[in-house]
Structure formats: C-alpha cells, structure tokens
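**Q** My file is my_file-v9.cif. It has mmCIF, C-alpha atoms (C1' of nucleotides):
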```cif
data_query
#
loop_
_atom_site.label_atom_id
_atom_site.label_comp_id
_atom_site.auth_asym_id
_atom_site.auth_seq_id
_atom_site.Cartn_x
_atom_site.Cartn_y
_atom_site.Cartn_z
CA MET A 1 -20.54 167.37 54.35
CA GLN A 2 -22.48 165.97 51.40
CA ASP A 3 -25.51 163.78 51.04
CA ASN A 4 -25.33 160.05 51.19
CA ILE A 5 -25.67 159.14 47.56
CA THR A 6 -23.05 161.70 46.63
CA LYS A 7 -20.66 160.12 49.11
CA ILE A 8 -21.29 156.67 47.69
CA LEU A 9 -20.96 157.77 44.08
CA LYS A 10 -17.78 159.71 44.76
CA ALA A 11 -16.35 156.74 46.63
CA ILE A 12 -16.81 154.38 43.69
CA ALA A 13 -16.03 156.98 41.03
CA ASP A 14 -12.34 156.49 41.69
CA PRO A 15 -10.91 153.44 39.89
CA LYS A 16 -8.41 152.62 42.62
CA ARG A 17 -11.17 152.66 45.21
CA ARG A 18 -13.27 150.36 43.05
CA GLU A 19 -10.29 148.00 42.92
CA ILE A 20 -9.86 148.10 46.67
CA PHE A 21 -13.55 147.60 47.25
CA HIS A 22 -13.54 144.69 44.83
CA ALA A 23 -10.54 143.09 46.51
CA LEU A 24 -12.33 143.31 49.84
CA ILE A 25 -15.58 141.96 48.49
CA ILE A 26 -14.02 138.86 46.99
CA ALA A 27 -11.70 138.27 49.95
CA SER A 28 -12.72 135.23 51.91
CA SER A 29 -11.92 136.96 55.18
CA ALA A 30 -11.45 140.44 56.56
CA LEU A 31 -8.15 142.01 55.60
CA SER A 32 -5.87 144.27 57.57
CA ILE A 33 -4.65 147.57 56.17
CA THR A 34 -1.22 146.06 55.56
CA GLN A 35 -2.69 143.06 53.77
CA ILE A 36 -4.69 145.32 51.49
CA SER A 37 -1.86 147.67 50.69
CA GLY A 38 0.29 144.68 49.80
CA GLN A 39 -2.00 144.16 46.81
CA PHE A 40 -1.60 147.67 45.43
CA GLU A 41 1.28 149.71 44.23
CA ILE A 42 0.46 152.89 46.08
CA SER A 43 1.70 153.52 49.61
CA ARG A 44 -0.01 152.20 52.70
CA GLN A 45 -1.11 155.72 53.57
CA GLY A 46 -2.62 156.10 50.14
CA VAL A 47 -4.61 152.93 50.68
CA THR A 48 -5.64 154.08 54.15
CA LYS A 49 -7.05 157.28 52.71
CA HIS A 50 -9.07 155.38 50.12
CA ILE A 51 -10.38 153.03 52.76
CA LYS A 52 -11.46 155.96 54.88
CA THR A 53 -13.42 157.33 51.95
CA LEU A 54 -15.06 153.95 51.42
CA GLU A 55 -15.79 153.73 55.14
CA HIS A 56 -17.48 157.12 55.21
CA ALA A 57 -19.65 155.96 52.34
CA GLY A 58 -20.59 152.87 54.33
CA LEU A 59 -18.91 150.56 51.83
CA VAL A 60 -16.31 149.30 54.26
CA GLU A 61 -16.50 148.40 57.91
CA ILE A 62 -13.46 148.41 60.14
CA THR A 63 -12.85 146.78 63.48
CA SER A 64 -9.67 147.01 65.47
CA MET A 65 -8.08 143.91 66.96
CA GLY A 66 -4.86 144.54 68.77
CA ARG A 67 -2.68 146.63 66.59
CA GLU A 68 -4.45 145.53 63.44
CA ARG A 69 -7.51 147.01 61.77
CA PHE A 70 -9.61 144.55 59.86
CA CYS A 71 -11.67 145.71 56.94
CA ILE A 72 -14.60 144.12 55.24
CA ALA A 73 -16.66 145.39 52.36
CA ASP A 74 -20.37 146.01 52.65
CA ALA A 75 -22.18 146.23 49.33
CA LYS A 76 -25.50 147.39 50.77
CA PRO A 77 -25.02 151.11 50.13
CA LEU A 78 -24.92 150.26 46.44
CA LYS A 79 -28.65 149.67 46.71
CA GLN A 80 -29.05 153.41 46.76
CA ILE A 81 -27.25 153.70 43.47
CA LYS A 82 -29.39 150.98 42.00
CA GLU A 83 -32.46 152.92 43.09
CA TRP A 84 -31.13 156.16 41.64
CA VAL A 85 -30.44 154.50 38.30
CA LYS A 86 -33.80 152.73 38.33
CA PHE A 87 -35.70 155.95 37.76
CA TYR A 88 -33.82 156.61 34.55
CA GLU A 89 -34.36 153.14 33.09
CA GLN A 90 -37.70 154.26 31.71
CA PHE A 91 -35.83 156.74 29.51
CA TRP A 92 -32.95 154.74 28.21
CA ASP A 93 -34.62 153.12 25.24
CA THR A 94 -36.72 156.09 24.20
CA ALA A 95 -34.27 158.92 24.69
CA LEU A 96 -32.09 158.26 21.69
CA GLY A 97 -33.45 160.01 18.66
CA ASN A 98 -35.34 162.57 20.68
CA LEU A 99 -32.87 165.22 19.76
CA GLY A 100 -33.15 164.27 16.12
CA SER A 101 -36.91 164.43 16.08
CA PHE A 102 -36.93 167.62 18.07
CA LEU A 103 -34.69 169.25 15.53
CA ASP A 104 -36.66 167.83 12.62
CA ALA A 105 -39.78 169.37 14.09
CA LYS A 106 -38.04 172.72 14.40
CA THR A 107 -37.25 172.82 10.69
CA ASP A 108 -40.88 172.24 9.68
CA MET B 109 -8.15 160.08 29.83
CA GLN B 110 -10.04 157.62 32.00
CA ASP B 111 -12.17 154.61 31.31
CA ASN B 112 -15.79 154.86 30.42
CA ILE B 113 -17.42 153.82 33.66
CA THR B 114 -15.17 156.17 35.59
CA LYS B 115 -16.29 159.03 33.38
CA ILE B 116 -19.93 158.16 33.90
CA LEU B 117 -19.60 157.74 37.66
CA LYS B 118 -17.66 160.97 38.03
CA ALA B 119 -20.23 162.77 35.93
CA ILE B 120 -23.12 161.76 38.17
CA ALA B 121 -21.15 161.96 41.41
CA ASP B 122 -21.62 165.71 41.42
CA PRO B 123 -25.01 166.79 42.80
CA LYS B 124 -25.31 169.79 40.51
CA ARG B 125 -24.66 167.62 37.47
CA ARG B 126 -27.29 165.16 38.66
CA GLU B 127 -29.71 168.08 38.88
CA ILE B 128 -28.86 169.26 35.39
CA PHE B 129 -29.12 165.75 34.00
CA HIS B 130 -32.47 165.33 35.72
CA ALA B 131 -33.77 168.63 34.38
CA LEU B 132 -32.82 167.53 30.88
CA ILE B 133 -34.33 164.09 31.26
CA ILE B 134 -37.71 165.37 32.35
CA ALA B 135 -37.75 168.25 29.85
CA SER B 136 -40.29 167.68 27.15
CA SER B 137 -37.96 169.09 24.53
CA ALA B 138 -34.28 169.77 24.02
CA LEU B 139 -33.03 172.81 25.92
CA SER B 140 -30.47 175.40 24.95
CA ILE B 141 -27.58 176.27 27.22
CA THR B 142 -29.27 179.53 28.17
CA GLN B 143 -32.53 177.77 28.96
CA ILE B 144 -30.73 175.32 31.21
CA SER B 145 -28.67 177.90 33.04
CA GLY B 146 -31.83 179.86 33.68
CA GLN B 147 -32.88 177.03 35.99
CA PHE B 148 -29.75 177.11 38.13
CA GLU B 149 -28.06 179.66 40.27
CA ILE B 150 -24.57 179.19 39.00
CA SER B 151 -23.27 181.10 36.00
CA ARG B 152 -23.86 180.05 32.41
CA GLN B 153 -20.21 179.10 32.09
CA GLY B 154 -20.50 176.92 35.16
CA VAL B 155 -23.44 175.14 33.60
CA THR B 156 -21.58 174.80 30.31
CA LYS B 157 -18.72 173.08 32.06
CA HIS B 158 -21.05 170.63 33.76
CA ILE B 159 -22.76 169.89 30.49
CA LYS B 160 -19.43 169.22 28.85
CA THR B 161 -18.64 166.70 31.54
CA LEU B 162 -22.01 165.03 31.03
CA GLU B 163 -21.45 165.07 27.28
CA HIS B 164 -18.06 163.38 27.58
CA ALA B 165 -19.72 160.70 29.64
CA GLY B 166 -22.32 160.23 26.91
CA LEU B 167 -25.13 161.39 29.17
CA VAL B 168 -25.95 164.45 27.10
CA GLU B 169 -26.07 165.00 23.37
CA ILE B 170 -25.70 168.43 21.84
CA THR B 171 -26.63 169.71 18.42
CA SER B 172 -26.10 173.22 17.18
CA MET B 173 -28.86 175.11 15.42
CA GLY B 174 -27.98 178.61 14.45
CA ARG B 175 -26.40 180.29 17.41
CA GLU B 176 -28.08 177.95 19.86
CA ARG B 177 -26.88 174.60 21.15
CA PHE B 178 -29.62 172.18 22.07
CA CYS B 179 -29.02 169.57 24.71
CA ILE B 180 -30.85 166.38 25.43
CA ALA B 181 -30.13 163.77 28.04
CA ASP B 182 -29.37 160.19 27.15
CA ALA B 183 -29.78 157.74 30.01
CA LYS B 184 -28.27 154.77 28.21
CA PRO B 185 -24.77 155.06 29.66
CA LEU B 186 -26.37 154.43 33.05
CA LYS B 187 -26.79 150.83 31.93
CA GLN B 188 -23.09 150.41 32.56
CA ILE B 189 -23.52 151.50 36.14
CA LYS B 190 -26.42 149.15 36.57
CA GLU B 191 -24.22 146.34 35.29
CA TRP B 192 -21.38 147.31 37.60
CA VAL B 193 -23.69 147.33 40.61
CA LYS B 194 -25.32 144.07 39.53
CA PHE B 195 -22.22 142.06 40.32
CA TYR B 196 -22.27 143.23 43.94
CA GLU B 197 -25.94 142.45 44.52
CA GLN B 198 -25.04 138.87 45.40
CA PHE B 199 -23.10 140.22 48.38
CA TRP B 200 -25.39 142.80 49.82
CA ASP B 201 -27.52 140.59 52.01
CA THR B 202 -24.78 138.28 53.19
CA ALA B 203 -21.95 140.75 53.77
CA LEU B 204 -23.27 142.27 56.97
CA GLY B 205 -22.15 140.34 59.95
CA ASN B 206 -19.17 138.80 58.17
CA LEU B 207 -16.81 141.00 60.08
CA GLY B 208 -18.45 140.02 63.30
CA SER B 209 -18.20 136.31 62.62
CA PHE B 210 -14.67 136.66 61.35
CA LEU B 211 -13.63 138.32 64.54
CA ASP B 212 -15.52 135.83 66.68
CA ALA B 213 -13.65 133.04 64.93
CA LYS B 214 -10.36 134.75 65.64
CA THR B 215 -10.98 134.81 69.37
CA ASP B 216 -11.67 131.07 69.50
"C1'" DA C 217 -26.39 198.95 9.73
"C1'" DA C 218 -26.70 198.78 14.67
"C1'" DT C 219 -27.99 196.22 18.58
"C1'" DT C 220 -28.97 192.28 21.13
"C1'" DT C 221 -28.55 187.45 22.12
"C1'" DT C 222 -26.19 182.94 22.53
"C1'" DT C 223 -22.32 181.02 22.85
"C1'" DG C 224 -17.12 179.43 23.33
"C1'" DC C 225 -12.64 180.29 24.88
"C1'" DA C 226 -9.17 181.67 28.14
"C1'" DA C 227 -7.50 183.10 32.37
"C1'" DC C 228 -7.97 182.96 36.83
"C1'" DC C 229 -9.16 181.31 41.79
"C1'" DA C 230 -10.19 178.46 45.86
"C1'" DA C 231 -11.05 174.11 47.49
"C1'" DA C 232 -10.80 169.21 47.16
"C1'" DT C 233 -8.30 165.09 45.87
"C1'" DA C 234 -4.76 161.51 45.26
"C1'" DG C 235 -0.74 160.80 46.50
"C1'" DT C 236 3.72 161.14 49.13
"C1'" DT C 237 7.13 161.13 53.28
"C1'" DG C 238 8.36 161.44 58.16
"C1'" DC C 239 7.42 160.63 62.76
"C1'" DA C 240 5.10 158.87 66.91
"C1'" DT C 241 2.83 155.17 69.30
"C1'" DA C 242 0.86 150.96 70.62
"C1'" DA C 243 1.00 145.91 70.18
"C1'" DT C 244 3.64 141.84 69.24
"C1'" DT C 245 7.64 138.95 69.13
"C1'" DA C 246 12.28 137.59 70.23
"C1'" DT D 247 13.71 144.51 77.74
"C1'" DA D 248 14.75 145.32 72.92
"C1'" DA D 249 13.42 145.00 68.27
"C1'" DT D 250 9.84 144.66 65.02
"C1'" DT D 251 5.36 145.43 63.10
"C1'" DA D 252 0.84 147.83 62.16
"C1'" DT D 253 -1.01 151.75 62.29
"C1'" DG D 254 -2.60 156.91 62.64
"C1'" DC D 255 -1.58 161.62 62.22
"C1'" DA D 256 0.38 165.65 60.13
"C1'" DA D 257 2.56 168.17 56.66
"C1'" DC D 258 3.45 168.75 52.13
"C1'" DT D 259 2.85 168.59 46.83
"C1'" DA D 260 0.72 168.31 42.36
"C1'" DT D 261 -3.40 167.86 39.89
"C1'" DT D 262 -8.23 168.16 39.29
"C1'" DT D 263 -12.45 170.37 39.99
"C1'" DG D 264 -16.24 173.66 40.49
"C1'" DG D 265 -16.74 177.95 39.96
"C1'" DT D 266 -15.96 182.82 38.38
"C1'" DT D 267 -15.19 186.99 35.08
"C1'" DG D 268 -13.95 189.20 30.70
"C1'" DC D 269 -13.78 189.18 25.91
"C1'" DA D 270 -14.66 187.93 21.13
"C1'" DA D 271 -17.53 186.08 17.48
"C1'" DA D 272 -21.42 184.57 15.16
"C1'" DA D 273 -26.43 184.70 14.58
"C1'" DA D 274 -30.80 187.02 15.06
"C1'" DT D 275 -33.54 191.06 15.58
"C1'" DT D 276 -34.62 195.95 15.05
#
```
Just dump the structure as structure tokens.

**A**
Amino acid sequence: MQDNITKILKAIADPKRREIFHALIIASSALSITQISGQFEISRQGVTKHIKTLEHAGLVEITSMGRERFCIADAKPLKQIKEWVKFYEQFWDTALGNLGSFLDAKTD
Amino acid sequence: MQDNITKILKAIADPKRREIFHALIIASSALSITQISGQFEISRQGVTKHIKTLEHAGLVEITSMGRERFCIADAKPLKQIKEWVKFYEQFWDTALGNLGSFLDAKTD
DNA sequence: AATTTTTGCAACCAAATAGTTGCATAATTA
DNA sequence: TAATTATGCAACTATTTGGTTGCAAAAATT
C-alpha cells in the first residue's frame, strides 16, 4: 500500500480521526465501537472506518470480547513523526529570510 | 477551508510533497518551478499543484522575479506538528499493554 | 520582430476518501 | 426461544485528490 510514515500522517491528517484518537487516548479504559460512536455525530459505520484507518497506522489496537470490540489508542507510532520533524528543526529558525536574501543577491 | 494543523498534516502526508519539500529545504538557493519539476518525474503542472498545497500550509514561500517564480521551504509550520505530538508523548511508553490489562480485569 | 522559455489557468480523468444506508450474523438478555 | 444489541460487510454517493493535457500570456533571448 504505502509506507509507514505516510500511513501515520494520513491517519492523523483527518480532524475527525484526531478527535477519535484523542478520545481513546484520554479514556480511562478501552472503549467499544458503540461507545466511541456515541461520542460523535457521524454514523457508527463512519466511526468504524476511521478506526480501521487508525488501526492500520498502528495508532489503535482492537481486541474482540464476545460481540464487542474494544479499542485502545497507542501513541507510539507518533514517534516516527517526531523523528521526521526532528530533521527539519535545524532549519526552522534560519529558513525565514532566505528567500529575501536570495532575491537581494540576485539584484546585485 | 480547514484548520491550520490539518493543512500542514495533509501537506506532508503525501510522499511526493515530502520529497519536494525536502528538495527545497536542502537546496542551497531558491528554486524556480521549472528547476523543481526537473527533479521529479511528474509533470510541471503536477509539481505546481503540490507546491501550491505546501504554500497554503505555509511550508513554502514563493516570490516572482520576472517570468520566474522562486520557491523556498519554510520549516517553521512543522513546530505545530511537534507541539501536537508532544502532548501524546506522555502516553507512548505506558499505553502498550493497557488493552491487555483491561481485558484481564474484565475476566476477573 | 520572431522565437523560446516560464508560467498560470482550465478542463478533464481516475482513484481515493468520508460518509451514508441496508442487511446479515453472532452474542447477550429477557 | 424470542428479542435485543454490537458488529462487519457491501453497495452506493459525493467530494477531494493526484495527476494529466492544451492553451494563452508574459518575459527573455536571438
């Protein structure tokens, strides 16, 4: 399909999925699909789809118990995003103004 | 349209856009649209579209000079992603195993 | 002045995405 | 056993997205 970091970034790029992920993270216990969808205005199936996306990114783990499926968030994949961003930190205080000085130089 | 962090996350969620952003970040000078598209296999218009997305997210700045448009990357918006991730760091070493213990508790 | 180069805009296309509804099924409860 | 509940799967729709091609216009070069 697509590489890991792409999956993670796409998963959290959607605001509704960030909300769902957040709700799971701050929940004191695992939540069933029905419990989660109760907190959102979209349909249960809509929530299920979002959860699947989060699961494929490794951000949610699911275990079945009886007829219920309990979900819990796992923040660890976000480490990869932190690492990706880390590389660019070295640029974020120097980059601004580069365009200006580049263009100034051109007009000399 | 959509909130700022969503724009930034969507911008970098696409692998091709990450490549373009990276190419711009490590470039020693600003690059024109033609110079950038020369580095990628997709069409110039394809590149232009990606750059527009990056620009709307604040990750690229563009200045026109004559008929050329010079682009430079700005990593600063990535700070917002770092901040977003930061909140979840507190969970990423404790979260694993929560589902297991939750389920164990249920069977008691 | 004629040609070439750099670009934007618009139209188009295929695939992916976010969402829905309807139905079937397995587990639980009455 | 009958009714209810939790869920998955499939089909469908509308919108967005990543990409293309064609054309026009402005700037630079010859």

**Q** Restrict the calculation to all atoms listed in the file, then for each residue of stretch 124-213 of chain B with any atom at most 12 Å from an atom of stretch 252-269 of chain D give the closest atom pair and their distance in Å to one decimal, rows by chain and rising residue number, as a tab-separated table.

**A**
```
residue	atom	partner	partner_atom	distance
B:Lys124	CA	D:DG264	C1'	9.9
B:Arg125	CA	D:DG264	C1'	10.8
B:Glu149	CA	D:DG265	C1'	11.5
B:Ile150	CA	D:DG265	C1'	8.0
B:Ser151	CA	D:DT266	C1'	7.9
B:Arg152	CA	D:DT266	C1'	10.3
B:Gln153	CA	D:DT266	C1'	8.5
B:Gly154	CA	D:DG265	C1'	6.2
B:Val155	CA	D:DG265	C1'	9.7
B:Thr156	CA	D:DG265	C1'	11.2
B:Lys157	CA	D:DG264	C1'	8.8
B:His158	CA	D:DG264	C1'	8.8
B:Thr161	CA	D:DT263	C1'	11.1
```

**Q** Find the residues of chain A in contact range of chain B, meaning any atom within 6 Å when counting only C-alpha atoms, and list them as a VMD selection string.

**A** chain A and resid 6 9 to 10 13 74 to 76 92 95

**Q** Restricting the output to C-alpha atoms, write the selected residues as a PDB file, keeping the file's coordinate frame.

**A**
```pdb
ATOM      1  CA  THR A   6     -23.050 161.700  46.630  1.00  0.00           C
ATOM      2  CA  LEU A   9     -20.960 157.770  44.080  1.00  0.00           C
ATOM      3  CA  LYS A  10     -17.780 159.710  44.760  1.00  0.00           C
ATOM      4  CA  ALA A  13     -16.030 156.980  41.030  1.00  0.00           C
ATOM      5  CA  ASP A  74     -20.370 146.010  52.650  1.00  0.00           C
ATOM      6  CA  ALA A  75     -22.180 146.230  49.330  1.00  0.00           C
ATOM      7  CA  LYS A  76     -25.500 147.390  50.770  1.00  0.00           C
ATOM      8  CA  TRP A  92     -32.950 154.740  28.210  1.00  0.00           C
ATOM      9  CA  ALA A  95     -34.270 158.920  24.690  1.00  0.00           C
TER      10      ALA A  95
END
```

**Q** So what does the PyMOL selection byres ((chain B) within 8 of (chain C)) actually pick up in this one, as JSON, numbers by chain?

**A** {"B": [142, 175, 176]}

**Q** Rounded to one decimal place, report the atom CA of A:Gln80-atom CA of B:Ile159 distance in Å.

**A**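 Atom-to-atom, atom CA of A:Gln80 to atom CA of B:Ile159, that is 24.0 Å.
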
**Q** Quick one: of B:Gly174, B:Met109, B:Ile144, B:Val168, who's nearest to chain D, counting all atoms listed in the file?

**A**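 Under the stated criterion, the closest residue is B:Gly174.
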
**Q** Between atom CA of A:Ile33 and atom CA of B:Asn112, measure the distance and give it in Å to one decimal.

**A** 29.0 Å

**Q** What is the distance between atom CA of A:Glu19 and atom CA of B:Ala165, in Å to one decimal?

**A**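 Between atom CA of A:Glu19 and atom CA of B:Ala165 the gap works out to 20.7 Å.
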